[in-house]
Structures are given as C-alpha cells and as structure tokens.
$ cat protein29.cif   # mmCIF, C-alpha atoms
data_upload
loop_
_atom_site.label_atom_id
_atom_site.label_comp_id
_atom_site.auth_asym_id
_atom_site.auth_seq_id
_atom_site.Cartn_x
_atom_site.Cartn_y
_atom_site.Cartn_z
CA MET L 133 -17.81 -41.49 -2.12
CA TYR L 134 -19.04 -42.06 1.42
CA ASP L 135 -16.62 -42.79 4.23
CA LEU L 136 -16.83 -45.92 6.36
CA ASP L 137 -18.48 -44.16 9.32
CA THR L 138 -21.32 -42.90 7.10
CA ARG L 139 -21.86 -46.39 5.70
CA LYS L 140 -21.96 -47.91 9.17
CA ARG L 141 -24.46 -45.31 10.43
CA ALA L 142 -26.79 -46.05 7.51
CA LEU L 143 -26.62 -49.80 8.06
CA THR L 144 -27.21 -49.31 11.79
CA LEU L 145 -30.52 -47.62 10.96
CA VAL L 146 -31.44 -50.56 8.71
CA ALA L 147 -30.55 -52.99 11.52
CA GLN L 148 -32.82 -51.01 13.86
CA GLY L 149 -35.79 -51.79 11.61
CA PHE L 150 -35.94 -48.73 9.36
CA SER L 151 -36.66 -49.49 5.72
CA GLN L 152 -34.06 -48.69 3.08
CA ASN L 153 -36.42 -46.06 1.70
CA SER L 154 -36.75 -44.44 5.15
CA VAL L 155 -32.99 -44.48 5.71
CA SER L 156 -32.48 -42.95 2.27
CA LYS L 157 -34.84 -40.07 3.10
CA GLN L 158 -33.21 -39.49 6.52
CA THR L 159 -29.63 -39.48 5.26
CA GLY L 160 -29.88 -38.37 1.65
CA ILE L 161 -28.09 -41.55 0.57
CA SER L 162 -29.53 -43.43 -2.40
CA ARG L 163 -31.26 -46.77 -1.84
CA ALA L 164 -28.94 -48.34 -4.41
CA ALA L 165 -25.92 -47.36 -2.33
CA ILE L 166 -27.49 -48.74 0.86
CA ARG L 167 -28.33 -52.03 -0.89
CA SER L 168 -24.75 -52.34 -2.14
CA TRP L 169 -23.40 -51.72 1.38
CA LEU L 170 -25.50 -54.62 2.71
CA LYS L 171 -23.44 -56.83 0.40
CA ARG L 172 -20.10 -55.06 0.84
CA LEU L 173 -19.42 -52.47 3.53
CA GLU L 174 -15.95 -51.35 2.51
CA PRO L 175 -15.59 -49.05 -0.53
CA LEU L 176 -14.44 -50.74 -3.72
CA GLY L 177 -10.83 -49.92 -4.39
CA CYS L 178 -10.29 -48.85 -0.79
CA ASN L 179 -7.26 -50.79 0.44
CA ARG L 180 -7.34 -50.74 4.21
CA ALA L 181 -3.77 -51.97 4.26
CA ALA L 182 -2.72 -48.70 2.61
CA ASP L 183 -2.68 -46.96 6.00
CA CYS L 184 -5.34 -44.36 5.26
CA PRO L 185 -6.16 -42.71 8.62
CA ARG L 186 -9.83 -42.34 7.70
CA CYS L 187 -10.34 -45.86 6.29
CA ASP L 188 -8.30 -47.76 8.85
CA THR L 189 -9.24 -46.19 12.16
CA ALA L 190 -11.29 -43.07 11.37
CA SER L 191 -8.52 -41.14 13.11
CA PRO L 192 -7.21 -37.70 12.13
CA PRO L 193 -4.19 -37.38 9.81
CA ALA L 194 -0.81 -37.98 11.41
CA ASP L 195 0.23 -34.31 10.99
CA PRO L 196 -2.94 -32.29 11.70
CA ALA L 197 -1.22 -28.89 11.44
CA SER L 198 0.06 -29.69 7.96
CA TYR L 199 -3.35 -31.08 7.01
CA SER L 200 -5.05 -27.86 8.17
CA TYR L 201 -2.78 -25.90 5.79
CA LEU L 202 -3.43 -28.35 2.96
CA LEU L 203 -7.18 -28.15 3.56
CA GLY L 204 -6.99 -24.39 3.01
CA LEU L 205 -5.03 -24.88 -0.21
CA TYR L 206 -7.49 -27.50 -1.43
CA LEU L 207 -10.58 -25.38 -0.72
CA GLY L 208 -9.02 -22.48 -2.58
CA ASP L 209 -7.20 -23.90 -5.60
CA GLY L 210 -7.52 -27.67 -5.37
CA CYS L 211 -9.59 -30.33 -7.07
CA ILE L 212 -9.93 -34.11 -6.96
CA SER L 213 -10.59 -36.09 -10.12
CA SER L 214 -11.36 -39.75 -10.65
CA ALA L 215 -8.66 -41.69 -12.49
CA LYS L 216 -8.48 -45.40 -13.34
CA ARG L 217 -9.20 -48.40 -11.08
CA GLY L 218 -10.59 -46.41 -8.17
CA VAL L 219 -7.60 -44.06 -7.97
CA TYR L 220 -8.09 -40.31 -7.53
CA SER L 221 -5.90 -37.39 -8.50
CA LEU L 222 -5.42 -34.46 -6.12
CA ARG L 223 -4.30 -31.36 -8.03
CA ILE L 224 -3.53 -27.96 -6.51
CA ALA L 225 -2.69 -25.01 -8.77
CA CYS L 226 0.20 -22.83 -7.55
CA ALA L 227 1.40 -19.71 -9.39
CA ASN L 228 4.96 -19.79 -10.71
CA ALA L 229 5.56 -16.44 -8.99
CA TRP L 230 5.62 -18.11 -5.57
CA PRO L 231 8.24 -20.91 -5.54
CA GLY L 232 8.27 -21.09 -1.72
CA LEU L 233 4.51 -21.61 -1.71
CA ILE L 234 4.90 -24.45 -4.23
CA ASP L 235 7.50 -26.12 -1.99
CA ASP L 236 5.19 -25.80 1.03
CA CYS L 237 2.31 -27.29 -0.96
CA VAL L 238 4.42 -30.26 -2.10
CA ALA L 239 5.53 -30.90 1.48
CA ALA L 240 1.96 -30.77 2.81
CA VAL L 241 0.66 -33.18 0.14
CA GLN L 242 3.54 -35.56 0.88
CA ARG L 243 2.81 -35.51 4.61
CA ALA L 244 -0.85 -36.27 3.96
CA ARG L 245 0.01 -39.42 1.93
CA PRO L 246 3.65 -40.32 2.68
CA GLY L 247 3.51 -43.46 0.55
CA ASN L 248 2.45 -41.68 -2.63
CA LYS L 249 4.54 -39.72 -5.12
CA VAL L 250 4.00 -35.98 -5.52
CA CYS L 251 4.56 -34.45 -8.96
CA ARG L 252 4.93 -30.89 -10.23
CA VAL L 253 3.25 -30.46 -13.61
CA GLN L 254 4.01 -27.21 -15.40
CA GLY L 255 1.00 -25.33 -16.71
CA LYS L 256 0.52 -21.87 -18.17
CA GLY L 257 1.75 -19.51 -15.45
CA CYS L 258 1.47 -22.12 -12.71
CA GLN L 259 2.54 -25.51 -11.49
CA TYR L 260 -0.01 -28.19 -10.63
CA VAL L 261 1.08 -30.07 -7.51
CA THR L 262 -0.39 -33.50 -8.21
CA SER L 263 -0.60 -36.81 -6.36
CA PHE L 264 -2.56 -40.02 -7.01
CA SER L 265 -4.22 -42.06 -4.26
CA LYS L 266 -7.34 -44.12 -3.65
CA HIS L 267 -7.89 -42.18 -0.45
CA TRP L 268 -8.07 -38.48 -1.38
CA PRO L 269 -11.89 -38.48 -1.05
CA CYS L 270 -11.45 -39.94 2.45
CA LEU L 271 -9.20 -37.03 3.44
CA PHE L 272 -11.22 -34.39 1.57
CA PRO L 273 -14.92 -35.32 1.79
CA GLN L 274 -15.76 -31.93 0.25
CA HIS L 275 -14.96 -33.60 -3.08
CA GLY L 276 -17.98 -33.75 -5.37
CA PRO L 277 -19.24 -33.05 -8.87
CA GLY L 278 -19.21 -29.49 -10.17
CA LYS L 279 -17.53 -26.33 -8.96
CA LYS L 280 -17.20 -25.72 -5.23
CA HIS L 281 -19.15 -22.45 -5.34
CA ASP L 282 -22.11 -24.27 -6.91
CA ARG L 283 -22.53 -26.76 -4.07
CA GLU L 284 -22.49 -26.86 -0.29
CA ILE L 285 -19.07 -26.93 1.36
CA ALA L 286 -19.04 -27.92 5.03
CA LEU L 287 -16.35 -29.39 7.26
CA GLU L 288 -16.77 -32.82 8.81
CA PRO L 289 -16.57 -32.88 12.65
CA TRP L 290 -13.04 -34.34 12.56
CA GLN L 291 -11.94 -31.56 10.16
CA ARG L 292 -13.53 -28.93 12.37
CA GLN L 293 -11.52 -30.23 15.33
CA ILE L 294 -8.30 -29.91 13.32
CA VAL L 295 -9.09 -26.36 12.14
CA ASP L 296 -10.06 -25.33 15.68
CA ALA L 297 -6.72 -26.67 16.94
CA HIS L 298 -4.67 -25.22 14.05
CA PRO L 299 -6.57 -22.14 12.83
CA TRP L 300 -3.57 -20.17 11.58
CA GLU L 301 -2.43 -23.01 9.32
CA PHE L 302 -5.92 -23.11 7.80
CA ILE L 303 -5.93 -19.34 7.30
CA ARG L 304 -2.47 -19.48 5.78
CA GLY L 305 -3.56 -22.17 3.30
CA LEU L 306 -6.56 -20.12 2.22
CA ILE L 307 -4.47 -16.96 1.82
CA HIS L 308 -1.83 -18.88 -0.14
CA SER L 309 -4.51 -20.16 -2.51
CA ASP L 310 -7.04 -17.34 -2.92
CA GLY L 311 -5.57 -14.46 -0.94
CA CYS L 312 -2.86 -11.83 -1.04
CA ARG L 313 -1.11 -9.13 0.98
CA ILE L 314 -0.98 -5.79 -0.81
CA THR L 315 -0.04 -2.20 -0.09
CA ASN L 316 -3.16 -0.08 -0.38
CA TRP L 317 -3.21 3.71 -0.52
CA THR L 318 -5.50 6.66 -0.02
CA THR L 319 -5.14 10.41 0.45
CA ARG L 320 -5.85 12.61 3.46
CA LEU L 321 -5.58 16.26 4.38
CA VAL L 322 -2.63 17.05 6.63
CA ARG L 323 -2.50 20.74 7.69
CA GLY L 324 -4.48 21.71 4.62
CA GLU L 325 -2.29 19.70 2.23
CA ARG L 326 -3.52 16.45 0.64
CA LYS L 327 -0.95 13.69 1.08
CA ARG L 328 -0.76 10.09 -0.04
CA TYR L 329 -1.09 7.51 2.74
CA GLU L 330 -0.08 3.85 2.24
CA TYR L 331 -0.98 0.89 4.43
CA PRO L 332 -0.81 -2.94 4.18
CA ARG L 333 -3.94 -4.98 3.66
CA TYR L 334 -4.91 -8.64 3.23
CA PHE L 335 -7.53 -9.78 0.74
CA PHE L 336 -9.26 -13.13 0.30
CA THR L 337 -11.42 -13.70 -2.78
CA ASN L 338 -13.64 -16.72 -3.37
CA LYS L 339 -17.02 -17.19 -5.05
CA SER L 340 -18.20 -19.78 -2.53
CA ASP L 341 -20.26 -18.30 0.31
CA ASP L 342 -19.45 -21.37 2.41
CA ILE L 343 -15.68 -21.12 1.92
CA ARG L 344 -15.67 -17.38 2.65
CA LYS L 345 -17.62 -18.07 5.84
CA LEU L 346 -15.13 -20.76 6.90
CA PHE L 347 -12.37 -18.19 6.37
CA SER L 348 -14.10 -15.31 8.16
CA ASP L 349 -15.26 -17.49 11.07
CA THR L 350 -11.68 -18.67 11.58
CA LEU L 351 -10.41 -15.08 11.45
CA THR L 352 -12.92 -14.13 14.15
CA ALA L 353 -11.81 -17.09 16.28
CA VAL L 354 -8.20 -15.84 16.33
CA GLY L 355 -9.12 -12.21 16.94
CA VAL L 356 -8.70 -10.78 13.45
CA GLU L 357 -11.17 -8.08 12.41
CA TRP L 358 -12.42 -8.27 8.84
CA THR L 359 -14.93 -6.71 6.46
CA THR L 360 -16.71 -7.88 3.30
CA LEU L 361 -16.22 -5.90 0.11
CA ALA L 362 -18.66 -6.38 -2.78
CA ARG L 363 -17.54 -6.61 -6.38
CA ARG L 364 -20.38 -5.62 -8.71
CA SER L 365 -22.80 -6.38 -5.86
CA ASP L 366 -21.21 -9.81 -5.29
CA PRO L 367 -19.52 -10.17 -1.85
CA TYR L 368 -16.52 -12.09 -3.14
CA ASN L 369 -13.84 -10.23 -1.16
CA ILE L 370 -12.91 -10.34 2.50
CA SER L 371 -10.58 -7.57 3.64
CA VAL L 372 -8.31 -7.29 6.68
CA ALA L 373 -7.10 -3.70 7.02
CA ARG L 374 -7.04 -2.67 10.69
CA ARG L 375 -3.49 -2.21 11.92
CA ALA L 376 -3.64 -4.69 14.81
CA SER L 377 -5.28 -7.35 12.67
CA VAL L 378 -2.77 -6.89 9.85
CA ALA L 379 0.02 -7.25 12.41
CA LEU L 380 -1.51 -10.55 13.57
CA MET L 381 -1.72 -11.76 9.99
CA ASP L 382 1.89 -10.72 9.35
CA THR L 383 3.02 -12.70 12.39
CA HIS L 384 1.22 -15.92 11.48
CA VAL L 385 0.74 -15.76 7.69
CA GLY L 386 2.83 -13.13 5.92
CA PRO L 387 2.98 -12.45 2.19
CA LYS L 388 3.43 -15.17 -0.40
CA TYR L 389 6.98 -15.92 -1.38
#
$ encode --input "protein29.cif" --output "structure tokens"
Amino acid sequence: MYDLDTRKRALTLVAQGFSQNSVSKQTGISRAAIRSWLKRLEPLGCNRAADCPRCDTASPPADPASYSYLLGLYLGDGCISSAKRGVYSLRIACANAWPGLIDDCVAAVQRARPGNKVCRVQGKGCQYVTSFSKHWPCLFPQHGPGKKHDREIALEPWQRQIVDAHPWEFIRGLIHSDGCRITNWTTRLVRGERKRYEYPRYFFTNKSDDIRKLFSDTLTAVGVEWTTLARRSDPYNISVARRASVALMDTHVGPKY
C-alpha cells in the first residue's frame, strides 16, 4: 500500500509528460497502480476523516517519542496483516515473563491510534497486543509480504526524523522486542589464582541485516560502543559490553520487567 505522497509524486511525473511505463521504471510502481491512481488518488478504504496523521496531513504522529518506541517493537516482534474491508491488524508478540513490557506496548499502540481498541490475545508463552485499523500501513510503511529478513527494511524520511529526535525510545523498543540484558561471566588470573568475573551485557538478535544496522547506527549516534558476534558464521547478534556503554544503556533502557 503506497502512501498519498508517493501517489502524488508518481502522478506529478505523468503530468510532466513522462509515460506510465517510464514512471513505473523510475519508481518501481506498477503501471496498473498508476492507472488506477489517475482515476482515484486516495487509497480505497482510507477514511481521511479518521484522523490518520499520514493520510490527512502527512504529518508525524502526535506522540513521536511513543511512536519511536513502537517502531522498535514492530521491527522486532510485530507484523501487519490484511483483514476484511480494507482493515489491517497490527500484532506485536510480548512474552508473558515481562508484564511491564506488555503494558508499555499496549500504551504505545493506543497512543498511535487513540480511536481504536487494543486487545491482549493470549498465546503460548506470550500475549499478542493487537489492534485493527485501516491506517497501520500508513504508520508502518515497512509492511510488506514475507518475512522482514527476506526483504529490504528502510525508514521513510519522516520516520528517520523521529528516530533521530528520539533515539533512546527506538533502542528501547528494539531491546524490548529482540534484545536482553544478561550477566555474562569469564575467568581471569588474579595473583596466580583463577577467579570468576561477572559483568552485565546487552544483546540484540535479529536475522535482518537492515534492522541490525538501524539498531547499531542508532547506538553509534548516542555514543554506545557495540560489536557484532557471529552465530554459526551468521552475524545475528549485536553485543554491548563495555562498562561505560552498558551504563548508558542501563540509564536509558534497563532490563525488561
């Protein structure tokens, strides 16, 4: 589903004299979609009166900090599915072990679409925080067919502005979805005697190269040092272990609860 700005840009190219075939090649949008937009610009089932910030005014969400957190949750453990009559279901899986995280997720979803109900559906070992709206693809344009790690994941410019302004909320959402804070240990020689040494560490694990890069780039932006750890030659894990960086993470993120 293409947002209104994308539709307008494509039709502007047509109005400038480019053929539909040429516009399709430039933008990657099918000719059938462009032809349909010449007849109807607004998406079917998109009710502009529903106060969607992206449909109505192409403005950012009303609570950008909360949205930045929700974006992290969605990229980690969220999905959007098509329901009936142009309605979409946003579903975010939250482990039962973290009731505070579930509450935070429910609150963030509610702030994103205040007029829509948010449900908690019990699954095996987790609750699915679920909400139905026609506008979830407007708020999460990363929605698409297939698994996230099998396709490109990139932020829209308006999302990038929100993450840049609220980086810690984005990091916190990603950690709450696909990350953890653990106590690691190793041994070292102290005056000839080998002793156990424990230290805190943050991990983030995701198969998507794009999502891991969004996470690591945001860590770098806030001054957190990180390393990549391979699992069977696959670089799925990002680790934060240096004392100063862990202290920063503890201040702004902290363990799940």
$ atom_distance --input "protein29.cif" --atom1 "CA of Pro269 in chain L" --atom2 "CA of Pro231 in chain L"
27.1 Å
$ resolve_selection --input "protein29.cif" --expression "the PyMOL selection byres ((chain L and resi 191-208) around 9)" --output "PyMOL selection string"
chain L and resi 184-190+209-212+222-225+237+239-241+243-244+271-272+274+280+285+290-291+294-295+297-311+338+343+347
$ closest_residue --input "protein29.cif" --among "L:Arg141, L:Arg292, L:Thr262, L:Lys279" --to "Gln242 in chain L" --atoms "all atoms listed in the file"
L:Thr262
$ atom_distance --input "protein29.cif" --atom1 "CA of His384 in chain L" --atom2 "CA of Asn316 in chain L"
20.3 Å
$ resolve_selection --input "protein29.cif" --expression "the PyMOL selection byres ((chain L and resi 257-261) around 7)" --output "list in words"
Arg223, Ile224, Ala225, Cys226, Ala227, Asn228, Val238, Val250, Cys251, Arg252, Val253, Gln254, Gly255, Lys256 and Thr262 of chain L
$ atom_distance --input "protein29.cif" --atom1 "CA of Ser168 in chain L" --atom2 "CA of Ser265 in chain L"
23.1 Å
$ residues_around --input "protein29.cif" --residues "Val354 in chain L" --least-positions-apart "2" --cutoff "9 Å" --atoms "only C-alpha atoms" --output "MDAnalysis selection string"
chainID L and resid 299:300 349:352 356 380
$ closest_residue --input "protein29.cif" --among "L:Trp169, L:Trp317, L:Tyr334, L:Trp230" --to "Arg374 in chain L" --atoms "all atoms listed in the file"
L:Tyr334
$ resolve_selection --input "protein29.cif" --expression "the PyMOL selection byres ((chain L and resi 331) around 6)" --output "list in words"
Thr315, Asn316, Glu330 and Pro332 of chain L
$ closest_residue --input "protein29.cif" --among "L:Lys266, L:Arg139, L:Ser221, L:Val372" --to "Lys171 in chain L" --atoms "all atoms listed in the file"
L:Arg139
$ closest_residue --input "protein29.cif" --among "L:Arg313, L:Val219, L:Glu325, L:Pro387" --to "Ile370 in chain L" --atoms "only C-alpha atoms"
L:Arg313
$ axis_aligned_box --input "protein29.cif" --around "range 381-389 of chain L" --padding-each-side "5 Å" --output "JSON"
{"center_x": 2.6, "center_y": -13.3, "center_z": 5.5, "size_x": 18.7, "size_y": 15.2, "size_z": 23.8}
$ closest_residue --input "protein29.cif" --among "L:Ser371, L:Asn248, L:Ser263, L:Thr144" --to "Tyr220 in chain L" --atoms "only C-alpha atoms"
L:Ser263
$ decode --input "protein29.cif" --residues "range 135-169 of chain L" --atoms "N, CA, C and O atoms" --output "CSV table (one decimal), in the first residue's frame"
chain,number,residue,atom,x,y,z
L,135,ASP,N,1.6,5.3,0.2
L,135,ASP,CA,1.0,6.5,0.9
L,135,ASP,C,0.6,7.5,-0.1
L,135,ASP,O,1.0,7.5,-1.3
L,136,LEU,N,-0.1,8.5,0.4
L,136,LEU,CA,-0.6,9.6,-0.5
L,136,LEU,C,0.5,10.4,-1.2
L,136,LEU,O,0.4,10.7,-2.4
L,137,ASP,N,1.6,10.6,-0.5
L,137,ASP,CA,2.7,11.4,-1.0
L,137,ASP,C,3.4,10.6,-2.2
L,137,ASP,O,3.7,11.3,-3.3
L,138,THR,N,3.5,9.3,-2.1
L,138,THR,CA,4.1,8.5,-3.2
L,138,THR,C,3.2,8.6,-4.4
L,138,THR,O,3.6,8.7,-5.5
L,139,ARG,N,1.9,8.5,-4.2
L,139,ARG,CA,0.9,8.5,-5.3
L,139,ARG,C,1.0,9.9,-6.0
L,139,ARG,O,1.0,9.9,-7.2
L,140,LYS,N,1.1,10.9,-5.2
L,140,LYS,CA,1.1,12.3,-5.8
L,140,LYS,C,2.4,12.5,-6.6
L,140,LYS,O,2.4,13.1,-7.7
L,141,ARG,N,3.5,12.0,-6.1
L,141,ARG,CA,4.8,12.1,-6.8
L,141,ARG,C,4.8,11.4,-8.2
L,141,ARG,O,5.2,11.9,-9.2
L,142,ALA,N,4.1,10.2,-8.2
L,142,ALA,CA,4.0,9.4,-9.4
L,142,ALA,C,3.2,10.2,-10.4
L,142,ALA,O,3.5,10.3,-11.6
L,143,LEU,N,2.1,10.7,-10.0
L,143,LEU,CA,1.2,11.4,-10.9
L,143,LEU,C,1.7,12.7,-11.4
L,143,LEU,O,1.4,13.2,-12.5
L,144,THR,N,2.6,13.3,-10.5
L,144,THR,CA,3.3,14.5,-11.0
L,144,THR,C,4.2,14.3,-12.1
L,144,THR,O,4.3,15.0,-13.1
L,145,LEU,N,4.9,13.1,-12.1
L,145,LEU,CA,5.8,12.7,-13.2
L,145,LEU,C,4.9,12.5,-14.5
L,145,LEU,O,5.3,12.9,-15.6
L,146,VAL,N,3.8,11.9,-14.3
L,146,VAL,CA,2.9,11.7,-15.5
L,146,VAL,C,2.4,13.0,-16.1
L,146,VAL,O,2.4,13.3,-17.3
L,147,ALA,N,2.1,14.0,-15.2
L,147,ALA,CA,1.7,15.3,-15.6
L,147,ALA,C,2.8,16.1,-16.3
L,147,ALA,O,2.5,16.9,-17.1
L,148,GLN,N,4.0,15.7,-16.0
L,148,GLN,CA,5.2,16.4,-16.6
L,148,GLN,C,5.5,15.8,-18.0
L,148,GLN,O,6.4,16.3,-18.7
L,149,GLY,N,4.7,14.8,-18.4
L,149,GLY,CA,4.9,14.3,-19.8
L,149,GLY,C,5.5,12.9,-19.8
L,149,GLY,O,5.7,12.3,-20.9
L,150,PHE,N,6.0,12.4,-18.7
L,150,PHE,CA,6.5,11.0,-18.7
L,150,PHE,C,5.4,10.0,-18.9
L,150,PHE,O,4.3,10.1,-18.4
L,151,SER,N,5.7,8.9,-19.7
L,151,SER,CA,4.8,7.9,-19.9
L,151,SER,C,4.6,7.1,-18.6
L,151,SER,O,5.4,7.1,-17.7
L,152,GLN,N,3.5,6.4,-18.5
L,152,GLN,CA,3.2,5.5,-17.4
L,152,GLN,C,4.3,4.4,-17.3
L,152,GLN,O,4.7,4.1,-16.2
L,153,ASN,N,4.7,3.9,-18.4
L,153,ASN,CA,5.8,2.9,-18.4
L,153,ASN,C,7.1,3.5,-17.9
L,153,ASN,O,7.8,2.9,-17.1
L,154,SER,N,7.4,4.7,-18.3
L,154,SER,CA,8.6,5.4,-17.8
L,154,SER,C,8.6,5.7,-16.3
L,154,SER,O,9.5,5.4,-15.5
L,155,VAL,N,7.4,6.1,-15.8
L,155,VAL,CA,7.2,6.4,-14.4
L,155,VAL,C,7.3,5.1,-13.6
L,155,VAL,O,7.9,5.1,-12.5
L,156,SER,N,6.8,4.0,-14.2
L,156,SER,CA,6.9,2.7,-13.5
L,156,SER,C,8.3,2.3,-13.3
L,156,SER,O,8.7,1.8,-12.3
L,157,LYS,N,9.1,2.5,-14.4
L,157,LYS,CA,10.5,2.1,-14.3
L,157,LYS,C,11.3,3.0,-13.3
L,157,LYS,O,12.2,2.5,-12.6
L,158,GLN,N,11.0,4.3,-13.3
L,158,GLN,CA,11.7,5.2,-12.3
L,158,GLN,C,11.4,4.9,-10.9
L,158,GLN,O,12.2,5.0,-10.0
L,159,THR,N,10.1,4.6,-10.6
L,159,THR,CA,9.7,4.5,-9.2
L,159,THR,C,9.5,3.1,-8.7
L,159,THR,O,9.4,2.8,-7.5
L,160,GLY,N,9.5,2.1,-9.6
L,160,GLY,CA,9.2,0.7,-9.2
L,160,GLY,C,7.8,0.4,-8.9
L,160,GLY,O,7.4,-0.7,-8.4
L,161,ILE,N,6.9,1.3,-9.3
L,161,ILE,CA,5.4,1.2,-9.1
L,161,ILE,C,4.8,0.6,-10.3
L,161,ILE,O,5.2,1.0,-11.4
L,162,SER,N,3.9,-0.3,-10.2
L,162,SER,CA,3.3,-1.0,-11.4
L,162,SER,C,2.5,0.0,-12.2
L,162,SER,O,1.9,1.0,-11.6
L,163,ARG,N,2.4,-0.2,-13.5
L,163,ARG,CA,1.6,0.6,-14.4
L,163,ARG,C,0.1,0.5,-14.0
L,163,ARG,O,-0.6,1.5,-14.1
L,164,ALA,N,-0.3,-0.7,-13.5
L,164,ALA,CA,-1.7,-0.8,-13.1
L,164,ALA,C,-2.0,0.1,-12.0
L,164,ALA,O,-3.1,0.7,-11.9
L,165,ALA,N,-1.1,0.2,-11.0
L,165,ALA,CA,-1.4,1.1,-9.9
L,165,ALA,C,-1.4,2.5,-10.3
L,165,ALA,O,-2.3,3.3,-9.9
L,166,ILE,N,-0.5,2.9,-11.2
L,166,ILE,CA,-0.5,4.3,-11.7
L,166,ILE,C,-1.8,4.6,-12.4
L,166,ILE,O,-2.4,5.7,-12.2
L,167,ARG,N,-2.3,3.7,-13.3
L,167,ARG,CA,-3.5,3.9,-14.0
L,167,ARG,C,-4.7,4.1,-13.0
L,167,ARG,O,-5.6,4.9,-13.2
L,168,SER,N,-4.7,3.2,-12.0
L,168,SER,CA,-5.8,3.3,-11.0
L,168,SER,C,-5.8,4.7,-10.3
L,168,SER,O,-6.8,5.2,-9.9
L,169,TRP,N,-4.6,5.2,-10.0
L,169,TRP,CA,-4.5,6.5,-9.3
L,169,TRP,C,-5.0,7.6,-10.2
L,169,TRP,O,-5.4,8.7,-9.6
